[in-house]
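Undergrad: One structure, as structure tokens, below. Some questions next.
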Amino acid sequence: MRFHNITKDDMLNGDGLRVVLWVAGCSHYCEDCQNPVTWNPDNGVLFDEKAKQELFEELGKSYVSGITFSGGDPMHPANEREILGLAKEIRQKFPNKTIWLYTGGLWEGMKDHEIVRYLDVVVDGEYVKQLRDTKLYWRGSANQRVIDVQKSLEIGSVVLHCK
């Protein structure tokens with residue numbers, strides 16, 4: 001897996017103060033995407049042990065609420081396996097931190113994927129330029145959903161995460 005950036009003290013990509021991993025690889029190619037540089041899975045820097053330790057160091061800080069996986073698309077085939085492994089390890093080492101994941105895919109296509117067991121929130125759906133709304137929390141267009149993963153799994157239908 002490759003990545004473009006690790007953002008620290010982020011307040012835009014989830015609840016509270018977060019660390020964000022911006023992965024490389026996306027096949028949605030949304031018009032007016034804010035990160036088209038992340039589309040190519042071969043770009044960026046190799047995610048190695050040093051990068052992982054940087055994430056864990058941030059997550060170890062008491063004031064950091066959790067991690068957000070973004071990009072690119074963490075659910076892109078180039079990222080899926082390593083994101084799953086990271087989510088498992090983070091849930092084990094930092095059980096009180098929240099894990100958010102942004103994907104251009106839909107919840108209905110990923111709800112049976114193993115990774116959802118480790119996630120708190122999924123922001124799903126492609127960015128749609130015509131539905132752009134800057135007043136929305138944590139998403140760029142009105143079609144995207146901010147989903148409470150564990151409640152959704154519990155009742156078997158989508159439960160939206162509220163601010």
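Chain labels follow the order of the structure tokens: the first chain is A, the next B, and so on; residue numbering restarts at 1 in every chain, and ligands are counted from 1 in their shown order.
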Taking only chain A into account, list the residues labelled strand (DSSP E or B) by DSSP (computed from the backbone), as a PyMOL selection string.
TA: chain A and resi 2-10+18-23+45-46+66-71+98-102+121-124+132+141+145-148+160
Undergrad: How about saving the chosen residues, C-alpha atoms kept, as a PDB file, in the first residue's frame?
TA:
```pdb
ATOM      1  CA  ARG A   2       1.127   3.520  -0.740  1.00  0.00           C
ATOM      2  CA  PHE A   3       0.085   6.800   0.849  1.00  0.00           C
ATOM      3  CA  HIS A   4       0.388  10.525   0.247  1.00  0.00           C
ATOM      4  CA  ASN A   5       0.190  12.060   3.687  1.00  0.00           C
ATOM      5  CA  ILE A   6      -0.430  11.623   7.378  1.00  0.00           C
ATOM      6  CA  THR A   7      -2.308  14.647   8.698  1.00  0.00           C
ATOM      7  CA  LYS A   8      -2.080  15.363  12.406  1.00  0.00           C
ATOM      8  CA  ASP A   9      -4.523  17.370  14.522  1.00  0.00           C
ATOM      9  CA  ASP A  10      -7.216  17.247  11.823  1.00  0.00           C
ATOM     10  CA  ARG A  18      -7.858  13.119  14.486  1.00  0.00           C
ATOM     11  CA  VAL A  19      -4.948  11.672  12.578  1.00  0.00           C
ATOM     12  CA  VAL A  20      -5.726  11.038   8.905  1.00  0.00           C
ATOM     13  CA  LEU A  21      -4.029   8.545   6.595  1.00  0.00           C
ATOM     14  CA  TRP A  22      -4.408   9.605   2.937  1.00  0.00           C
ATOM     15  CA  VAL A  23      -3.892   6.456   0.864  1.00  0.00           C
ATOM     16  CA  VAL A  45       5.192   6.713  -0.615  1.00  0.00           C
ATOM     17  CA  LEU A  46       5.316   3.095   0.502  1.00  0.00           C
ATOM     18  CA  GLY A  66      -9.009   8.529  16.553  1.00  0.00           C
ATOM     19  CA  ILE A  67      -7.949   7.836  13.002  1.00  0.00           C
ATOM     20  CA  THR A  68      -9.580   8.495   9.655  1.00  0.00           C
ATOM     21  CA  PHE A  69      -8.693   6.494   6.551  1.00  0.00           C
ATOM     22  CA  SER A  70      -9.159   8.592   3.419  1.00  0.00           C
ATOM     23  CA  GLY A  71      -7.419   9.184   0.158  1.00  0.00           C
ATOM     24  CA  THR A  98     -12.649   5.865  16.888  1.00  0.00           C
ATOM     25  CA  ILE A  99     -11.954   4.630  13.371  1.00  0.00           C
ATOM     26  CA  TRP A 100     -13.543   6.440  10.419  1.00  0.00           C
ATOM     27  CA  LEU A 101     -13.258   5.415   6.779  1.00  0.00           C
ATOM     28  CA  TYR A 102     -14.119   7.395   3.645  1.00  0.00           C
ATOM     29  CA  VAL A 121     -18.105   5.441  11.004  1.00  0.00           C
ATOM     30  CA  VAL A 122     -18.110   5.072   7.221  1.00  0.00           C
ATOM     31  CA  VAL A 123     -18.634   8.042   4.936  1.00  0.00           C
ATOM     32  CA  ASP A 124     -19.816   6.432   1.716  1.00  0.00           C
ATOM     33  CA  ARG A 132     -21.830  19.882  -3.425  1.00  0.00           C
ATOM     34  CA  SER A 141     -21.923  16.294  -1.446  1.00  0.00           C
ATOM     35  CA  ARG A 145     -23.817   9.364   4.010  1.00  0.00           C
ATOM     36  CA  VAL A 146     -22.111   9.454   7.406  1.00  0.00           C
ATOM     37  CA  ILE A 147     -22.983   6.003   8.717  1.00  0.00           C
ATOM     38  CA  ASP A 148     -22.816   4.716  12.286  1.00  0.00           C
ATOM     39  CA  LEU A 160     -26.762   7.802  10.177  1.00  0.00           C
TER      40      LEU A 160
END
```
Undergrad: Quick one, how far is CA of Pro74 in chain A from CA of Asp48 in chain A?
TA: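 Distance reported for this atom pair: 15.9 Å.
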Undergrad: Apply DSSP to the backbone of this structure and, from chain A, keep only the residues in alpha helix (DSSP H); write these as JSON, numbers by chain.
TA: {"A": [49, 50, 51, 52, 53, 54, 55, 56, 57, 58, 59, 80, 81, 82, 83, 84, 85, 86, 87, 88, 89, 90, 91, 92, 93, 107, 108, 109, 110, 149, 150, 151, 152, 153, 154, 155]}
Undergrad: Write the selection just made, keeping N, CA and C atoms, as a compact mmCIF listing (two decimals), in the first residue's frame?
TA:
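Output contents, as saved in out02.txt:
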```txt
# COMPACT_ATOMS: atom_id res chain seq x y z
N GLU A 49 6.85 0.45 8.18
CA GLU A 49 6.80 0.41 9.64
C GLU A 49 6.98 1.80 10.26
N LYS A 50 7.80 2.63 9.65
CA LYS A 50 8.01 4.00 10.15
C LYS A 50 6.71 4.80 10.08
N ALA A 51 5.99 4.69 8.98
CA ALA A 51 4.70 5.39 8.83
C ALA A 51 3.69 4.87 9.85
N LYS A 52 3.67 3.56 10.04
CA LYS A 52 2.76 2.96 11.01
C LYS A 52 3.06 3.47 12.42
N GLN A 53 4.31 3.55 12.76
CA GLN A 53 4.69 4.05 14.08
C GLN A 53 4.31 5.51 14.25
N GLU A 54 4.39 6.28 13.17
CA GLU A 54 3.96 7.68 13.22
C GLU A 54 2.46 7.76 13.55
N LEU A 55 1.67 6.92 12.90
CA LEU A 55 0.23 6.86 13.21
C LEU A 55 -0.01 6.49 14.67
N PHE A 56 0.67 5.45 15.13
CA PHE A 56 0.47 4.96 16.48
C PHE A 56 0.92 5.98 17.53
N GLU A 57 1.97 6.72 17.22
CA GLU A 57 2.43 7.77 18.14
C GLU A 57 1.33 8.83 18.30
N GLU A 58 0.71 9.21 17.21
CA GLU A 58 -0.39 10.18 17.27
C GLU A 58 -1.58 9.61 18.03
N LEU A 59 -1.93 8.37 17.74
CA LEU A 59 -3.07 7.74 18.41
C LEU A 59 -2.83 7.57 19.91
N GLU A 80 -7.10 -2.41 0.47
CA GLU A 80 -8.02 -3.17 1.33
C GLU A 80 -7.34 -4.03 2.40
N ARG A 81 -6.40 -4.84 1.98
CA ARG A 81 -5.77 -5.79 2.91
C ARG A 81 -5.03 -5.07 4.03
N GLU A 82 -4.24 -4.06 3.67
CA GLU A 82 -3.46 -3.36 4.70
C GLU A 82 -4.33 -2.48 5.58
N ILE A 83 -5.36 -1.89 5.02
CA ILE A 83 -6.28 -1.08 5.84
C ILE A 83 -7.00 -1.98 6.85
N LEU A 84 -7.40 -3.17 6.41
CA LEU A 84 -8.01 -4.13 7.32
C LEU A 84 -7.06 -4.47 8.47
N GLY A 85 -5.82 -4.78 8.13
CA GLY A 85 -4.84 -5.10 9.15
C GLY A 85 -4.59 -3.95 10.12
N LEU A 86 -4.51 -2.75 9.59
CA LEU A 86 -4.33 -1.57 10.44
C LEU A 86 -5.53 -1.36 11.35
N ALA A 87 -6.72 -1.47 10.80
CA ALA A 87 -7.93 -1.27 11.61
C ALA A 87 -7.99 -2.28 12.76
N LYS A 88 -7.66 -3.54 12.49
CA LYS A 88 -7.64 -4.57 13.53
C LYS A 88 -6.64 -4.21 14.63
N GLU A 89 -5.44 -3.84 14.20
CA GLU A 89 -4.38 -3.53 15.17
C GLU A 89 -4.71 -2.28 15.98
N ILE A 90 -5.27 -1.28 15.34
CA ILE A 90 -5.64 -0.06 16.05
C ILE A 90 -6.75 -0.35 17.05
N ARG A 91 -7.74 -1.13 16.67
CA ARG A 91 -8.83 -1.47 17.58
C ARG A 91 -8.30 -2.21 18.80
N GLN A 92 -7.29 -3.06 18.60
CA GLN A 92 -6.70 -3.81 19.70
C GLN A 92 -5.86 -2.91 20.61
N LYS A 93 -4.99 -2.10 20.02
CA LYS A 93 -4.05 -1.28 20.80
C LYS A 93 -4.69 -0.01 21.36
N TRP A 107 -22.13 1.70 1.20
CA TRP A 107 -22.23 0.84 2.37
C TRP A 107 -22.77 -0.54 2.00
N GLU A 108 -23.77 -0.56 1.14
CA GLU A 108 -24.41 -1.82 0.76
C GLU A 108 -23.41 -2.80 0.14
N GLY A 109 -22.37 -2.28 -0.48
CA GLY A 109 -21.35 -3.12 -1.09
C GLY A 109 -20.23 -3.53 -0.15
N MET A 110 -20.18 -2.92 1.02
CA MET A 110 -19.08 -3.24 1.94
C MET A 110 -19.55 -3.74 3.30
N VAL A 149 -21.55 2.71 11.90
CA VAL A 149 -21.35 1.33 11.45
C VAL A 149 -21.91 0.31 12.43
N GLN A 150 -21.55 0.42 13.69
CA GLN A 150 -21.96 -0.62 14.63
C GLN A 150 -23.48 -0.66 14.84
N LYS A 151 -24.13 0.50 14.89
CA LYS A 151 -25.59 0.52 15.01
C LYS A 151 -26.24 -0.03 13.74
N SER A 152 -25.66 0.29 12.60
CA SER A 152 -26.19 -0.22 11.33
C SER A 152 -26.10 -1.74 11.27
N LEU A 153 -24.98 -2.28 11.73
CA LEU A 153 -24.82 -3.74 11.74
C LEU A 153 -25.81 -4.38 12.71
N GLU A 154 -26.01 -3.72 13.84
CA GLU A 154 -26.90 -4.26 14.87
C GLU A 154 -28.35 -4.37 14.39
N ILE A 155 -28.84 -3.35 13.70
CA ILE A 155 -30.25 -3.39 13.30
C ILE A 155 -30.47 -3.83 11.85
```
Undergrad: Pick the closest to Pro36 in chain A from A:Phe94, A:Trp138, A:Tyr118, A:Tyr127: which is it, counting only C-alpha atoms?
TA: A:Tyr127
Undergrad: Considering only C-alpha atoms, return as a PDB file with all heavy atoms, in the first residue's frame whatever protein or nucleic-acid residues lie within 12 Å of Asp32 in chain A, sequence-local ones (same chain, fewer than 5 positions apart) excluded.
TA:
```pdb
ATOM      1  N   VAL A  37      -4.629  13.661  -7.158  1.00  0.00           N
ATOM      2  CA  VAL A  37      -3.262  13.140  -7.110  1.00  0.00           C
ATOM      3  C   VAL A  37      -3.224  11.756  -6.451  1.00  0.00           C
ATOM      4  O   VAL A  37      -2.303  10.981  -6.675  1.00  0.00           O
ATOM      5  CB  VAL A  37      -2.318  14.140  -6.395  1.00  0.00           C
ATOM      6  CG1 VAL A  37      -2.621  14.219  -4.908  1.00  0.00           C
ATOM      7  CG2 VAL A  37      -0.870  13.775  -6.624  1.00  0.00           C
ATOM      8  N   GLU A 126     -19.688   8.349  -3.835  1.00  0.00           N
ATOM      9  CA  GLU A 126     -18.810   9.213  -4.624  1.00  0.00           C
ATOM     10  C   GLU A 126     -19.176  10.672  -4.384  1.00  0.00           C
ATOM     11  O   GLU A 126     -20.334  11.001  -4.114  1.00  0.00           O
ATOM     12  CB  GLU A 126     -18.965   8.903  -6.116  1.00  0.00           C
ATOM     13  CG  GLU A 126     -18.471   7.531  -6.492  1.00  0.00           C
ATOM     14  CD  GLU A 126     -18.582   7.257  -7.986  1.00  0.00           C
ATOM     15  OE1 GLU A 126     -19.048   8.139  -8.740  1.00  0.00           O
ATOM     16  OE2 GLU A 126     -18.203   6.151  -8.390  1.00  0.00           O
ATOM     17  N   TYR A 127     -18.186  11.540  -4.507  1.00  0.00           N
ATOM     18  CA  TYR A 127     -18.450  12.976  -4.491  1.00  0.00           C
ATOM     19  C   TYR A 127     -19.132  13.338  -5.811  1.00  0.00           C
ATOM     20  O   TYR A 127     -18.669  12.957  -6.887  1.00  0.00           O
ATOM     21  CB  TYR A 127     -17.136  13.751  -4.347  1.00  0.00           C
ATOM     22  CG  TYR A 127     -17.302  15.226  -4.579  1.00  0.00           C
ATOM     23  CD1 TYR A 127     -17.887  16.039  -3.611  1.00  0.00           C
ATOM     24  CD2 TYR A 127     -16.910  15.810  -5.773  1.00  0.00           C
ATOM     25  CE1 TYR A 127     -18.066  17.389  -3.828  1.00  0.00           C
ATOM     26  CE2 TYR A 127     -17.079  17.170  -5.998  1.00  0.00           C
ATOM     27  CZ  TYR A 127     -17.652  17.948  -5.020  1.00  0.00           C
ATOM     28  OH  TYR A 127     -17.831  19.289  -5.242  1.00  0.00           O
ATOM     29  N   VAL A 128     -20.248  14.055  -5.716  1.00  0.00           N
ATOM     30  CA  VAL A 128     -20.984  14.486  -6.901  1.00  0.00           C
ATOM     31  C   VAL A 128     -20.976  16.011  -6.929  1.00  0.00           C
ATOM     32  O   VAL A 128     -21.589  16.656  -6.066  1.00  0.00           O
ATOM     33  CB  VAL A 128     -22.434  13.945  -6.898  1.00  0.00           C
ATOM     34  CG1 VAL A 128     -23.203  14.476  -8.105  1.00  0.00           C
ATOM     35  CG2 VAL A 128     -22.435  12.422  -6.877  1.00  0.00           C
ATOM     36  N   LYS A 129     -20.272  16.557  -7.911  1.00  0.00           N
ATOM     37  CA  LYS A 129     -20.095  18.005  -8.030  1.00  0.00           C
ATOM     38  C   LYS A 129     -21.421  18.760  -7.953  1.00  0.00           C
ATOM     39  O   LYS A 129     -21.531  19.776  -7.269  1.00  0.00           O
ATOM     40  CB  LYS A 129     -19.383  18.298  -9.353  1.00  0.00           C
ATOM     41  CG  LYS A 129     -19.201  19.755  -9.659  1.00  0.00           C
ATOM     42  CD  LYS A 129     -18.556  19.931 -11.023  1.00  0.00           C
ATOM     43  CE  LYS A 129     -18.468  21.393 -11.404  1.00  0.00           C
ATOM     44  NZ  LYS A 129     -17.818  21.567 -12.711  1.00  0.00           N
ATOM     45  N   GLN A 130     -22.450  18.282  -8.632  1.00  0.00           N
ATOM     46  CA  GLN A 130     -23.744  18.961  -8.683  1.00  0.00           C
ATOM     47  C   GLN A 130     -24.475  18.945  -7.330  1.00  0.00           C
ATOM     48  O   GLN A 130     -25.397  19.722  -7.111  1.00  0.00           O
ATOM     49  CB  GLN A 130     -24.651  18.334  -9.755  1.00  0.00           C
ATOM     50  CG  GLN A 130     -24.141  18.486 -11.166  1.00  0.00           C
ATOM     51  CD  GLN A 130     -23.019  17.495 -11.527  1.00  0.00           C
ATOM     52  OE1 GLN A 130     -22.660  16.601 -10.759  1.00  0.00           O
ATOM     53  NE2 GLN A 130     -22.448  17.671 -12.707  1.00  0.00           N
ATOM     54  N   LEU A 131     -24.055  18.065  -6.423  1.00  0.00           N
ATOM     55  CA  LEU A 131     -24.674  17.965  -5.099  1.00  0.00           C
ATOM     56  C   LEU A 131     -23.781  18.532  -3.996  1.00  0.00           C
ATOM     57  O   LEU A 131     -24.020  18.298  -2.810  1.00  0.00           O
ATOM     58  CB  LEU A 131     -25.029  16.502  -4.791  1.00  0.00           C
ATOM     59  CG  LEU A 131     -26.025  15.849  -5.746  1.00  0.00           C
ATOM     60  CD1 LEU A 131     -26.214  14.379  -5.404  1.00  0.00           C
ATOM     61  CD2 LEU A 131     -27.359  16.584  -5.731  1.00  0.00           C
ATOM     62  N   ARG A 132     -22.762  19.287  -4.392  1.00  0.00           N
ATOM     63  CA  ARG A 132     -21.830  19.882  -3.425  1.00  0.00           C
ATOM     64  C   ARG A 132     -22.587  20.765  -2.448  1.00  0.00           C
ATOM     65  O   ARG A 132     -23.466  21.529  -2.833  1.00  0.00           O
ATOM     66  CB  ARG A 132     -20.784  20.723  -4.152  1.00  0.00           C
ATOM     67  CG  ARG A 132     -19.775  21.340  -3.220  1.00  0.00           C
ATOM     68  CD  ARG A 132     -18.664  22.013  -4.011  1.00  0.00           C
ATOM     69  NE  ARG A 132     -17.607  22.402  -3.114  1.00  0.00           N
ATOM     70  CZ  ARG A 132     -17.273  23.671  -2.883  1.00  0.00           C
ATOM     71  NH1 ARG A 132     -17.861  24.657  -3.530  1.00  0.00           N
ATOM     72  NH2 ARG A 132     -16.311  23.943  -2.036  1.00  0.00           N
ATOM     73  N   GLY A 140     -18.711  16.063   1.312  1.00  0.00           N
ATOM     74  CA  GLY A 140     -18.679  17.128   0.328  1.00  0.00           C
ATOM     75  C   GLY A 140     -19.939  17.291  -0.485  1.00  0.00           C
ATOM     76  O   GLY A 140     -20.227  18.375  -0.975  1.00  0.00           O
ATOM     77  N   SER A 141     -20.704  16.207  -0.639  1.00  0.00           N
ATOM     78  CA  SER A 141     -21.923  16.294  -1.446  1.00  0.00           C
ATOM     79  C   SER A 141     -23.076  15.582  -0.738  1.00  0.00           C
ATOM     80  O   SER A 141     -22.872  14.658   0.049  1.00  0.00           O
ATOM     81  CB  SER A 141     -21.700  15.737  -2.853  1.00  0.00           C
ATOM     82  OG  SER A 141     -21.290  14.390  -2.844  1.00  0.00           O
TER      83      SER A 141
END
```
